[in-house]
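Visitor: protein-v2.cif is reproduced in full below (mmCIF, C-alpha atoms and all ligand atoms).
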data_my_file
#
loop_
_atom_site.label_atom_id
_atom_site.label_comp_id
_atom_site.auth_asym_id
_atom_site.auth_seq_id
_atom_site.Cartn_x
_atom_site.Cartn_y
_atom_site.Cartn_z
CA MET A 255 -42.46 53.42 37.51
CA LEU A 256 -43.26 56.92 38.92
CA VAL A 257 -44.77 58.07 35.59
CA ALA A 258 -46.92 54.91 35.38
CA ALA A 259 -48.15 55.44 38.97
CA ALA A 260 -48.92 59.15 38.29
CA VAL A 261 -50.92 58.28 35.13
CA ALA A 262 -52.84 55.49 36.95
CA PHE A 263 -53.78 57.62 40.00
CA GLY A 264 -54.60 60.62 37.74
CA ALA A 265 -56.96 58.47 35.63
CA LEU A 266 -58.71 57.01 38.74
CA TRP A 267 -59.18 60.55 40.17
CA MET A 268 -60.47 61.90 36.85
CA LEU A 269 -62.90 58.96 36.48
CA GLY A 270 -64.05 59.74 40.04
CA THR A 271 -63.13 56.29 41.35
CA ILE A 272 -61.06 57.81 44.14
CA ALA A 273 -60.82 61.26 45.68
CA ALA A 274 -57.88 63.59 45.12
CA ALA A 275 -56.38 63.13 48.62
CA PRO A 276 -56.16 59.31 48.60
CA ALA A 277 -54.87 59.45 45.00
CA LEU A 278 -52.07 61.81 46.06
CA ALA A 279 -51.27 59.66 49.16
CA GLY A 280 -51.10 56.47 47.06
CA PHE A 281 -48.79 58.13 44.54
CA ALA A 282 -46.56 59.47 47.35
CA ALA A 283 -46.27 55.98 48.92
CA ILE A 284 -45.23 54.37 45.62
CA ALA A 285 -42.76 57.20 44.91
CA ALA A 286 -41.15 56.76 48.36
CA ALA A 287 -40.82 52.99 47.88
CA ALA A 288 -39.21 53.48 44.46
CA LEU A 289 -36.78 56.03 45.88
CA ILE A 290 -35.68 53.74 48.75
CA ALA A 291 -35.18 50.88 46.26
CA SER A 292 -33.05 53.05 44.02
CA VAL A 293 -30.92 54.25 46.96
CA ASN A 294 -30.41 50.61 48.03
CA THR A 295 -29.35 49.43 44.57
CA GLU A 296 -26.77 52.20 44.38
CA ALA A 297 -25.54 51.49 47.90
CA ALA A 298 -25.05 47.75 47.32
CA PRO A 299 -21.93 47.90 45.08
CA ALA A 300 -20.46 50.58 47.32
CA SER A 301 -20.17 48.02 50.13
CA LEU A 302 -17.88 45.84 47.89
CA THR A 303 -15.30 48.50 47.09
CA LYS A 304 -11.96 47.25 45.88
CA ASP A 305 -10.29 48.83 48.90
CA GLU A 306 -11.90 46.41 51.29
CA PRO A 307 -11.62 42.93 49.78
CA SER A 308 -12.32 39.76 51.68
CA ALA A 309 -9.32 38.20 53.46
CA PRO A 310 -7.96 34.90 52.09
CA GLY A 311 -9.41 32.26 54.39
CA VAL A 312 -7.87 28.90 55.14
CA ALA A 313 -8.45 26.51 52.22
CA ASP A 314 -9.80 29.37 50.07
CA PRO A 315 -11.28 27.39 47.12
CA LEU A 316 -9.99 29.80 44.47
CA ILE A 317 -6.41 29.74 45.81
CA GLN A 318 -6.65 25.97 46.29
CA ALA A 319 -7.80 25.52 42.68
CA VAL A 320 -4.97 27.69 41.33
CA LEU A 321 -2.34 25.82 43.37
CA SER A 322 -3.71 22.43 42.28
CA ALA A 323 -3.22 23.45 38.64
CA LEU A 324 0.48 24.26 39.13
CA PRO A 325 3.05 21.62 38.15
CA ASP A 326 5.47 22.30 41.04
CA PRO A 327 4.88 21.97 44.80
CA VAL A 328 3.41 25.32 45.96
CA VAL A 329 2.21 26.62 49.36
CA ALA A 330 0.25 29.87 49.88
CA LEU A 331 0.90 31.66 53.18
CA ASP A 332 -0.93 34.61 54.73
CA HIS A 333 0.75 37.69 56.21
CA ARG A 334 1.43 35.82 59.49
CA GLY A 335 3.11 32.88 57.76
CA ASP A 336 0.11 30.58 58.30
CA ILE A 337 -0.74 28.18 55.52
CA VAL A 338 -3.77 29.25 53.46
CA ALA A 339 -3.55 26.39 50.98
CA LEU A 340 -1.09 23.89 49.53
CA ASN A 341 -1.20 21.55 46.58
CA ALA A 342 -0.79 17.77 46.67
CA ARG A 343 2.81 17.97 45.40
CA ALA A 344 3.75 20.25 48.30
CA ALA A 345 2.07 17.87 50.74
CA ALA A 346 4.11 15.03 49.23
CA ILE A 347 7.49 16.70 49.83
CA ALA A 348 6.54 18.19 53.23
CA PRO A 349 3.84 15.95 54.76
CA ALA A 350 3.85 17.88 58.07
CA LEU A 351 2.43 21.06 56.47
CA ARG A 352 -1.23 21.69 57.51
CA PRO A 353 -3.61 24.41 56.32
CA GLY A 354 -4.26 26.88 59.13
CA GLU A 355 -0.94 26.12 60.87
CA SER A 356 2.28 28.10 60.73
CA VAL A 357 4.64 27.01 57.97
CA SER A 358 7.48 26.86 60.52
CA LEU A 359 5.76 23.94 62.26
CA GLY A 360 5.77 21.70 59.20
CA LEU A 361 8.89 22.85 57.40
CA ARG A 362 11.95 23.03 59.63
CA VAL A 363 14.33 24.43 57.04
CA PRO A 364 15.89 27.68 58.35
CA GLU A 365 16.97 28.84 54.84
CA VAL A 366 13.39 28.63 53.57
CA LEU A 367 11.87 30.29 56.65
CA ASP A 368 14.40 33.13 56.28
CA ALA A 369 13.47 33.50 52.61
CA ILE A 370 9.76 33.77 53.53
CA ARG A 371 10.53 36.40 56.20
CA ASN A 372 12.75 38.39 53.84
CA ALA A 373 10.22 38.18 51.01
CA ARG A 374 7.55 39.65 53.30
CA ALA A 375 9.85 42.36 54.64
CA SER A 376 11.34 43.42 51.31
CA ALA A 377 8.27 42.75 49.10
CA THR A 378 10.57 41.02 46.59
CA SER A 379 11.06 37.37 45.63
CA GLN A 380 13.63 35.46 47.68
CA ARG A 381 15.38 32.23 46.73
CA ALA A 382 16.82 29.47 48.92
CA GLU A 383 18.34 26.06 48.19
CA PHE A 384 18.15 23.13 50.55
CA PHE A 385 18.90 19.43 50.74
CA GLN A 386 16.35 16.94 52.01
CA ARG A 387 17.66 13.64 53.34
CA VAL A 388 14.37 11.81 53.96
CA PRO A 389 12.32 10.14 52.51
CA LEU A 390 14.67 10.43 49.50
CA GLU A 391 17.86 12.43 49.07
CA ARG A 392 16.81 15.45 47.01
CA TRP A 393 17.94 19.00 46.30
CA TYR A 394 15.30 21.72 46.14
CA GLU A 395 15.15 25.36 45.22
CA ALA A 396 12.46 27.34 47.10
CA MET A 397 11.13 30.67 45.77
CA ALA A 398 9.15 32.85 48.20
CA THR A 399 7.19 35.43 46.21
CA PRO A 400 5.07 38.09 47.98
CA ILE A 401 1.78 38.99 46.33
CA SER A 402 0.09 42.21 47.42
CA GLY A 403 -2.03 45.00 45.98
CA THR A 404 -4.42 42.42 44.61
CA ALA A 405 -8.01 41.72 45.61
CA LEU A 406 -6.70 40.14 48.82
CA LYS A 407 -6.79 41.69 52.26
CA GLY A 408 -3.25 41.76 53.61
CA SER A 409 -0.71 39.97 51.45
CA LEU A 410 0.05 36.41 50.44
CA VAL A 411 3.43 34.75 50.08
CA LEU A 412 3.59 32.01 47.48
CA LEU A 413 6.23 29.44 48.31
CA ALA A 414 7.14 27.34 45.27
CA PHE A 415 9.59 24.42 45.25
CA HIS A 416 11.60 23.22 42.29
CA ASP A 417 13.37 19.85 42.33
CA LEU A 418 17.04 20.43 41.45
CA THR A 419 18.07 16.79 41.90
CA PRO A 420 18.21 15.81 38.17
CA LEU A 421 20.29 18.94 37.41
CA ARG A 422 22.64 18.21 40.31
CA ARG A 423 23.05 14.61 39.13
CA VAL A 424 23.95 15.72 35.60
CA GLU A 425 26.41 18.21 37.06
CA GLU A 426 27.97 15.52 39.27
CA MET A 427 28.18 13.15 36.30
CA ARG A 428 29.90 15.81 34.21
CA VAL A 429 32.43 16.52 36.95
CA ASP A 430 33.03 12.77 37.46
CA PHE A 431 33.40 12.30 33.73
CA VAL A 432 36.04 15.02 33.36
CA ALA A 433 37.87 13.67 36.43
CA ASN A 434 37.76 10.10 35.05
CA ALA A 435 38.83 11.10 31.55
CA SER A 436 41.76 13.15 32.91
CA HIS A 437 42.79 10.31 35.17
CA GLU A 438 42.66 7.79 32.31
CA LEU A 439 44.83 10.05 30.14
CA ARG A 440 47.22 10.97 32.92
CA THR A 441 48.21 7.35 33.63
CA PRO A 442 49.69 6.56 30.19
CA LEU A 443 51.08 10.09 29.97
CA ALA A 444 52.95 9.61 33.27
CA ALA A 445 54.30 6.27 31.97
CA LEU A 446 55.48 7.93 28.74
CA SER A 447 57.34 10.76 30.48
CA GLY A 448 58.86 8.27 32.96
CA PHE A 449 60.26 6.18 30.11
CA ILE A 450 61.53 9.26 28.27
CA ASP A 451 63.54 10.15 31.41
CA THR A 452 64.85 6.57 31.67
CA LEU A 453 65.88 6.51 28.00
CA ARG A 454 67.74 9.77 28.46
CA GLY A 455 69.36 8.51 31.64
CA SER A 456 70.17 4.99 32.75
CA ALA A 457 68.98 3.18 29.57
CA ARG A 458 70.92 5.51 27.26
CA GLU A 459 73.59 3.00 26.39
CA ASP A 460 71.45 -0.14 26.75
CA PRO A 461 69.97 -1.11 23.35
CA ALA A 462 67.98 -4.08 24.73
CA ALA A 463 66.30 -1.97 27.46
CA ARG A 464 65.70 0.80 24.93
CA GLU A 465 63.83 -1.59 22.61
CA ARG A 466 61.73 -2.92 25.47
CA PHE A 467 60.88 0.58 26.76
CA LEU A 468 60.03 1.84 23.27
CA GLY A 469 57.61 -1.09 22.94
CA ILE A 470 55.87 -0.12 26.21
CA MET A 471 55.81 3.53 25.18
CA GLN A 472 54.16 2.63 21.89
CA ALA A 473 51.49 0.60 23.73
CA GLN A 474 50.82 3.54 26.09
CA ALA A 475 50.61 6.00 23.18
CA GLU A 476 48.15 3.66 21.42
CA ARG A 477 46.08 3.49 24.61
CA MET A 478 45.91 7.28 24.74
CA ALA A 479 44.93 7.39 21.07
CA ARG A 480 42.15 4.81 21.66
CA LEU A 481 40.87 6.77 24.62
CA ILE A 482 40.78 10.03 22.69
CA ASP A 483 39.14 8.26 19.77
CA ASP A 484 36.42 6.78 22.05
CA LEU A 485 35.86 10.14 23.79
CA LEU A 486 35.45 11.91 20.45
CA SER A 487 33.11 9.18 19.16
CA LEU A 488 30.98 9.49 22.30
CA SER A 489 30.66 13.26 22.01
CA ARG A 490 29.88 13.02 18.26
CA ILE A 491 27.15 10.44 18.91
CA GLU A 492 25.70 12.54 21.73
CA LEU A 493 25.70 15.57 19.45
CA ASN A 494 23.66 13.64 16.86
CA ALA A 495 21.56 11.79 19.44
CA HIS A 496 18.32 13.39 18.20
CA LEU A 497 18.99 12.56 14.51
CA ARG A 498 17.73 9.07 13.62
CA PRO A 499 19.91 7.50 10.87
CA ASP A 500 17.84 6.91 7.72
CA LYS A 501 19.92 4.67 5.44
CA ALA A 502 18.79 1.07 4.97
CA VAL A 503 21.55 -1.30 6.10
CA ASP A 504 21.63 -5.09 6.26
CA LEU A 505 22.68 -6.31 9.69
CA GLY A 506 23.71 -9.70 8.21
CA ALA A 507 26.35 -8.02 6.02
CA ILE A 508 27.61 -5.94 8.96
CA VAL A 509 27.93 -8.95 11.27
CA ARG A 510 29.75 -10.91 8.51
CA GLN A 511 32.23 -8.06 8.12
CA VAL A 512 32.81 -7.76 11.89
CA SER A 513 33.31 -11.50 12.29
CA ASP A 514 35.85 -11.52 9.38
CA THR A 515 37.75 -8.53 10.82
CA LEU A 516 38.06 -10.14 14.25
CA GLN A 517 39.20 -13.55 13.00
CA THR A 518 42.86 -12.79 13.80
CA LEU A 519 42.07 -11.70 17.37
CA ALA A 520 39.84 -14.78 17.79
CA ARG A 521 42.64 -17.08 16.59
CA ASP A 522 45.12 -15.38 18.95
CA ARG A 523 42.77 -16.00 21.86
CA GLY A 524 41.94 -19.54 20.81
CA VAL A 525 38.23 -18.74 20.39
CA GLU A 526 35.91 -19.85 17.61
CA VAL A 527 33.34 -17.28 16.41
CA LYS A 528 30.15 -18.83 15.05
CA THR A 529 27.38 -16.90 13.32
CA SER A 530 23.76 -17.87 12.74
CA GLY A 531 20.87 -16.24 10.89
CA ILE A 532 23.08 -13.99 8.74
CA SER A 533 21.97 -15.43 5.38
CA ASP A 534 18.53 -13.73 5.48
CA PRO A 535 18.66 -9.97 5.02
CA LEU A 536 17.72 -8.16 8.22
CA VAL A 537 17.32 -4.53 7.19
CA VAL A 538 17.29 -1.63 9.64
CA LEU A 539 17.64 2.11 9.19
CA GLY A 540 21.11 2.84 10.47
CA ASP A 541 24.57 4.29 10.25
CA ARG A 542 26.79 1.51 8.92
CA ASP A 543 30.01 2.66 10.62
CA GLU A 544 28.30 3.11 13.98
CA LEU A 545 26.66 -0.33 13.81
CA ILE A 546 30.02 -1.91 12.89
CA ARG A 547 31.39 -0.22 16.03
CA VAL A 548 28.58 -1.73 18.15
CA PHE A 549 29.21 -5.31 17.06
CA GLU A 550 33.00 -4.92 17.05
CA ASN A 551 32.83 -3.77 20.69
CA LEU A 552 30.52 -6.59 21.75
CA VAL A 553 32.48 -9.34 19.98
CA GLU A 554 35.86 -7.90 21.04
CA ASN A 555 34.67 -7.87 24.67
CA ALA A 556 33.61 -11.49 24.37
CA LEU A 557 37.05 -12.36 22.94
CA LYS A 558 38.87 -10.33 25.61
CA TYR A 559 36.94 -11.19 28.77
CA ALA A 560 35.45 -14.56 27.90
CA ALA A 561 38.19 -16.31 25.90
CA SER A 562 38.10 -19.14 28.45
CA GLY A 563 34.67 -20.11 27.04
CA LYS A 564 36.37 -21.08 23.76
CA TRP A 565 33.48 -20.09 21.53
CA VAL A 566 31.36 -17.04 20.83
CA GLU A 567 28.08 -17.07 18.92
CA ILE A 568 26.58 -14.15 17.04
CA GLY A 569 22.93 -14.83 16.34
CA LEU A 570 20.64 -12.71 14.17
CA SER A 571 16.91 -12.99 14.47
CA PHE A 572 13.75 -10.96 14.47
CA ALA A 573 11.33 -11.05 17.36
CA GLU A 574 8.57 -9.00 18.95
CA GLY A 575 10.01 -5.94 20.70
CA ALA A 576 8.88 -4.35 23.96
CA ASP A 577 6.38 -2.19 22.00
CA GLY A 578 4.85 -5.26 20.29
CA GLU A 579 6.45 -4.32 16.94
CA PRO A 580 8.81 -6.74 15.18
CA GLU A 581 12.47 -5.86 15.78
CA ALA A 582 15.90 -7.08 14.77
CA GLN A 583 17.97 -8.74 17.47
CA VAL A 584 21.67 -9.43 17.34
CA ALA A 585 22.82 -11.52 20.30
CA VAL A 586 26.53 -11.94 21.12
CA ARG A 587 26.83 -14.91 23.44
CA ASP A 588 29.98 -16.12 25.17
CA HIS A 589 30.73 -18.97 27.56
CA GLY A 590 33.28 -17.20 29.75
CA PRO A 591 33.22 -16.34 33.45
CA GLY A 592 30.00 -14.30 33.23
CA ILE A 593 29.26 -11.10 35.16
CA ALA A 594 27.93 -10.83 38.73
CA PRO A 595 24.38 -9.39 38.87
CA GLU A 596 25.39 -6.27 40.87
CA HIS A 597 27.57 -5.09 37.96
CA LEU A 598 25.00 -5.60 35.19
CA PRO A 599 23.04 -2.32 35.59
CA ARG A 600 26.26 -0.26 35.66
CA LEU A 601 28.18 -1.83 32.75
CA THR A 602 27.11 0.84 30.24
CA GLU A 603 28.27 3.73 32.48
CA ARG A 604 31.34 5.52 31.19
CA PHE A 605 34.56 4.12 32.64
CA TYR A 606 32.76 1.43 34.63
CA ARG A 607 34.66 -1.86 34.64
CA VAL A 608 34.18 -5.03 36.64
CA ASP A 609 37.96 -5.36 36.96
CA VAL A 610 39.96 -2.22 36.11
CA THR A 611 43.33 -3.99 35.99
CA GLU A 612 42.06 -6.65 33.61
CA SER A 613 40.35 -4.09 31.40
CA ARG A 614 43.60 -2.06 31.15
CA ALA A 615 45.62 -5.20 30.50
CA GLN A 616 43.25 -5.96 27.62
CA GLY A 617 43.69 -2.45 26.22
CA GLY A 618 40.16 -1.41 27.32
CA THR A 619 39.11 2.21 27.78
CA GLY A 620 35.98 1.52 29.83
CA LEU A 621 33.95 3.39 27.19
CA GLY A 622 33.04 0.52 24.84
CA LEU A 623 29.63 -0.38 26.26
CA ALA A 624 28.74 3.30 26.85
CA LEU A 625 29.33 3.83 23.11
CA VAL A 626 27.23 0.75 22.28
CA LYS A 627 24.35 2.05 24.39
CA HIS A 628 24.45 5.54 22.88
CA ILE A 629 24.64 4.27 19.31
CA LEU A 630 21.70 1.91 19.85
CA ASN A 631 19.65 4.68 21.53
CA ARG A 632 20.27 6.93 18.53
CA HIS A 633 18.94 4.15 16.30
CA GLY A 634 15.77 3.86 18.42
CA GLY A 635 17.08 0.58 19.83
CA ARG A 636 18.51 -0.68 23.12
CA LEU A 637 21.03 -3.05 24.67
CA THR A 638 20.10 -5.87 27.05
CA ILE A 639 22.62 -7.89 29.05
CA GLU A 640 21.97 -11.30 30.57
CA SER A 641 24.53 -13.24 32.51
CA VAL A 642 24.85 -15.96 35.11
CA LEU A 643 28.14 -16.05 36.98
CA GLY A 644 30.23 -18.94 35.67
CA GLN A 645 27.98 -19.48 32.64
CA GLY A 646 28.92 -16.70 30.22
CA ALA A 647 27.08 -13.62 29.11
CA THR A 648 24.72 -12.56 26.31
CA PHE A 649 24.72 -8.98 25.05
CA THR A 650 21.74 -8.36 22.74
CA ALA A 651 21.31 -5.34 20.46
CA HIS A 652 17.63 -4.63 19.73
CA LEU A 653 16.92 -2.45 16.67
CA PRO A 654 13.65 -1.42 15.03
CA LEU A 655 13.24 -2.95 11.57
CA ALA A 656 13.02 -0.75 8.48
CA GLU A 657 9.31 -0.17 7.65
CA PRO A 658 8.87 -2.43 4.51
CA ARG A 659 10.27 -5.44 6.39
CA ARG A 660 7.95 -4.71 9.32
CA GLU A 661 4.94 -4.62 6.97
CA GLU A 662 6.04 -7.90 5.41
CA ILE A 663 6.39 -9.57 8.84
CA ARG A 664 3.07 -8.17 10.10
CA ALA A 665 1.32 -9.50 6.97
CA SER A 666 2.79 -13.02 7.26
P1 LIG A 701 36.39 -1.95 28.39
O1 LIG A 701 37.10 -0.95 27.56
O2 LIG A 701 36.88 -2.04 29.78
O3 LIG A 701 36.27 -3.27 27.71
P2 LIG A 701 33.52 -1.82 28.12
O4 LIG A 701 32.60 -0.69 28.35
O5 LIG A 701 33.53 -2.42 26.76
O6 LIG A 701 34.94 -1.32 28.55
O7 LIG A 701 33.17 -2.95 29.17
C1 LIG A 701 33.02 -2.62 30.52
C2 LIG A 701 33.35 -3.81 31.41
O8 LIG A 701 32.36 -4.82 31.25
C3 LIG A 701 34.66 -4.48 31.08
O9 LIG A 701 35.74 -3.82 31.69
C4 LIG A 701 34.44 -5.87 31.66
O10 LIG A 701 34.73 -5.83 33.05
C5 LIG A 701 32.94 -6.10 31.50
N1 LIG A 701 32.60 -6.96 30.33
C6 LIG A 701 32.24 -6.56 29.10
N2 LIG A 701 31.96 -7.61 28.30
C7 LIG A 701 32.16 -8.72 29.05
C8 LIG A 701 32.02 -10.13 28.79
N3 LIG A 701 31.65 -10.59 27.60
N4 LIG A 701 32.27 -10.96 29.82
C9 LIG A 701 32.66 -10.52 31.04
N5 LIG A 701 32.80 -9.21 31.34
C10 LIG A 701 32.56 -8.31 30.36
#
Could the structure of this file be written out as structure tokens, please?
Ligand code: ADP

Guide:
Amino acid sequence: MLVAAAVAFGALWMLGTIAAAPALAGFAAIAAAALIASVNTEAAPASLTKDEPSAPGVADPLIQAVLSALPDPVVALDHRGDIVALNARAAAIAPALRPGESVSLGLRVPEVLDAIRNARASATSQRAEFFQRVPLERWYEAMATPISGTALKGSLVLLAFHDLTPLRRVEEMRVDFVANASHELRTPLAALSGFIDTLRGSAREDPAARERFLGIMQAQAERMARLIDDLLSLSRIELNAHLRPDKAVDLGAIVRQVSDTLQTLARDRGVEVKTSGISDPLVVLGDRDELIRVFENLVENALKYAASGKWVEIGLSFAEGADGEPEAQVAVRDHGPGIAPEHLPRLTERFYRVDVTESRAQGGTGLGLALVKHILNRHGGRLTIESVLGQGATFTAHLPLAEPRREEIRAS
């Protein structure tokens, strides 16, 4: 710019258009303006040095955008503990939190407030766990993480919450399960050792009592064996839960086999077992032994708990499933006492029984329907239970059909 101005004024002076003095003055003015401009452009970035960044304001759009993108509830706090921003998930679990207000006003959890204070004082992450009773009972883990030395004036504390409730529930279920399993095993074990003492003592010389006690001991030992067998089956099925069985099996043949096997029990209980729809092949991809177990459990239950209904029907059919695809359905229907609605959602829980004494008297372990549910889940299927008190119950196994049969049904 200076060279161009010098050439222009030089040319005008040489051509005699202007005198030397005005030419020099004009050049000087342009040079001064250029110099000031250059000083200003160098000075501009200097005013935005990294040492003096802007402070995070309330509802800072950048911080707000980052928090909104995070999957967990997160709150950003400034160095005083005032809320800079929070995402919608944080607002949902702590509706009293407001941007611009102190976190202690909206979150009255001493453990979390301590963690925030300690995080700020120690400049390290601090963790706290707390239990929230309302609106829903939930366990949370809160992590207070200080962020400093960034482009922010002062420091931020990021307060992130993680919902521990599902983990706690699984933990509780595991503890309950071990307690239940031990209790179930301890009962027959206590009976066995009691009878051993009796046989060694008072019943020593009494052959009739000995025979009777040995009979009870055998029944208790069989109960323990059944329980261990069911527990092992459950853990094996859970271990393979992610592996879908891939062998084509005909449900008609399986149901025929189950109904033949249980004929003796049915006769003993005075119940007639009728089957329908088993002549047409109904092919699913499955594990034959596991599916036999499913229908044995369902029919055995009907014979044990609903013998008063006098007959049990096993019906095979295909129908549209919940996903709109054709599926195989095997319904085991009895005409016994039925099940009250409050029990229905819990029947497939391990060790859940409507009547514990009756279940034990029938040789039940309380694991039959849990096994049924797990086996059907592994096959991509499900169990539905319908019952009206006094009018019997229907347990239906729903299973996806093997692909060629599906194609055939879709085409027809
Ligand atoms: P159990 O070993 O006790 O039979 P299950 O898991 O097979 O365990 O069944 C759980 C409970 O469901 C049984 O104890 C019984 O109370 C109830 N139940 C199952 N099937 C029937 C049925 N067909 N009619 C009435 N109650 C039933």

Visitor: Distance table requested - chain A against ligand LIG 701 (chain A), cut-off 7 Å, all atoms listed in the file: one row per qualifying residue with the closest atom pair and its distance in Å to one decimal, ordered by chain and rising residue number, as a tab-separated table.

Guide:
residue	atom	partner	partner_atom	distance
A:Asn551	CA	A:LIG701	O5	6.3
A:Leu552	CA	A:LIG701	N2	6.8
A:Asn555	CA	A:LIG701	N2	4.5
A:Ala556	CA	A:LIG701	N3	3.9
A:Tyr559	CA	A:LIG701	N4	4.8
A:Ala560	CA	A:LIG701	N4	5.2
A:Asp588	CA	A:LIG701	N3	6.3
A:Gly590	CA	A:LIG701	N4	6.3
A:Pro591	CA	A:LIG701	C9	6.3
A:Gly592	CA	A:LIG701	C9	5.1
A:Ile593	CA	A:LIG701	C9	5.4
A:Leu601	CA	A:LIG701	O8	5.4
A:Thr602	CA	A:LIG701	O4	6.0
A:Arg604	CA	A:LIG701	O4	6.9
A:Phe605	CA	A:LIG701	O4	6.7
A:Tyr606	CA	A:LIG701	C1	5.8
A:Arg607	CA	A:LIG701	O9	3.7
A:Val608	CA	A:LIG701	O10	3.7
A:Asp609	CA	A:LIG701	O10	5.1
A:Val610	CA	A:LIG701	O9	6.3
A:Ser613	CA	A:LIG701	O2	4.3
A:Arg614	CA	A:LIG701	O2	6.9
A:Gly617	CA	A:LIG701	O1	6.9
A:Gly618	CA	A:LIG701	O1	3.1
A:Thr619	CA	A:LIG701	O1	3.8
A:Gly620	CA	A:LIG701	O6	3.3
A:Leu621	CA	A:LIG701	O4	4.5
A:Gly622	CA	A:LIG701	O5	3.5
A:Leu623	CA	A:LIG701	O4	3.6
A:Ala624	CA	A:LIG701	O4	5.8
A:Gly646	CA	A:LIG701	N4	6.7
A:Ala647	CA	A:LIG701	N3	5.7

Visitor: Once 5 Å is added on each side, what centre and edge lengths in Å to one decimal does the axis-aligned box around all listed atoms of region 633-642 of chain A have, as AutoDock Vina command-line options?

Guide:
--center_x 20.3 --center_y -5.9 --center_z 25.7 --size_x 19.1 --size_y 30.1 --size_z 28.8

Visitor: Could you give me, as an mmCIF file with C-alpha atoms, keeping the file's coordinate frame, the residues within 10 Å of region 337-339 of chain A, counting only C-alpha atoms and dropping anything in the same chain fewer than 5 positions from it?

Guide:
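Writing done, so here's out07.cif:
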data_model
loop_
_atom_site.group_PDB
_atom_site.id
_atom_site.type_symbol
_atom_site.label_atom_id
_atom_site.label_comp_id
_atom_site.auth_asym_id
_atom_site.auth_seq_id
_atom_site.Cartn_x
_atom_site.Cartn_y
_atom_site.Cartn_z
ATOM 1 C CA PRO A 310 -7.960 34.900 52.090
ATOM 2 C CA GLY A 311 -9.410 32.260 54.390
ATOM 3 C CA VAL A 312 -7.870 28.900 55.140
ATOM 4 C CA ALA A 313 -8.450 26.510 52.220
ATOM 5 C CA ASP A 314 -9.800 29.370 50.070
ATOM 6 C CA PRO A 315 -11.280 27.390 47.120
ATOM 7 C CA LEU A 316 -9.990 29.800 44.470
ATOM 8 C CA ILE A 317 -6.410 29.740 45.810
ATOM 9 C CA GLN A 318 -6.650 25.970 46.290
ATOM 10 C CA ALA A 319 -7.800 25.520 42.680
ATOM 11 C CA VAL A 320 -4.970 27.690 41.330
ATOM 12 C CA LEU A 321 -2.340 25.820 43.370
ATOM 13 C CA SER A 322 -3.710 22.430 42.280
ATOM 14 C CA VAL A 328 3.410 25.320 45.960
ATOM 15 C CA VAL A 329 2.210 26.620 49.360
ATOM 16 C CA ALA A 330 0.250 29.870 49.880
ATOM 17 C CA LEU A 331 0.900 31.660 53.180
ATOM 18 C CA ASP A 332 -0.930 34.610 54.730
ATOM 19 C CA ALA A 344 3.750 20.250 48.300
ATOM 20 C CA LEU A 351 2.430 21.060 56.470
ATOM 21 C CA ARG A 352 -1.230 21.690 57.510
ATOM 22 C CA PRO A 353 -3.610 24.410 56.320
ATOM 23 C CA GLY A 354 -4.260 26.880 59.130
ATOM 24 C CA GLU A 355 -0.940 26.120 60.870
ATOM 25 C CA SER A 356 2.280 28.100 60.730
ATOM 26 C CA VAL A 357 4.640 27.010 57.970
ATOM 27 C CA SER A 358 7.480 26.860 60.520
ATOM 28 C CA GLY A 360 5.770 21.700 59.200
ATOM 29 C CA LEU A 410 0.050 36.410 50.440
ATOM 30 C CA VAL A 411 3.430 34.750 50.080
ATOM 31 C CA LEU A 412 3.590 32.010 47.480
#

Visitor: To one decimal place in Å, what is the distance between CA of Arg600 (chain A) and CA of Leu643 (chain A)?

Guide: 16.0 Å

Visitor: Neighbouring residues of Leu390 (chain A) were defined as those with any atom within 12 Å, considering all atoms listed in the file; residues of the same chain fewer than 3 positions away were excluded. Please report them as a PyMOL selection string.

Guide: chain A and resi 346-348+385-387+393-394+417+419
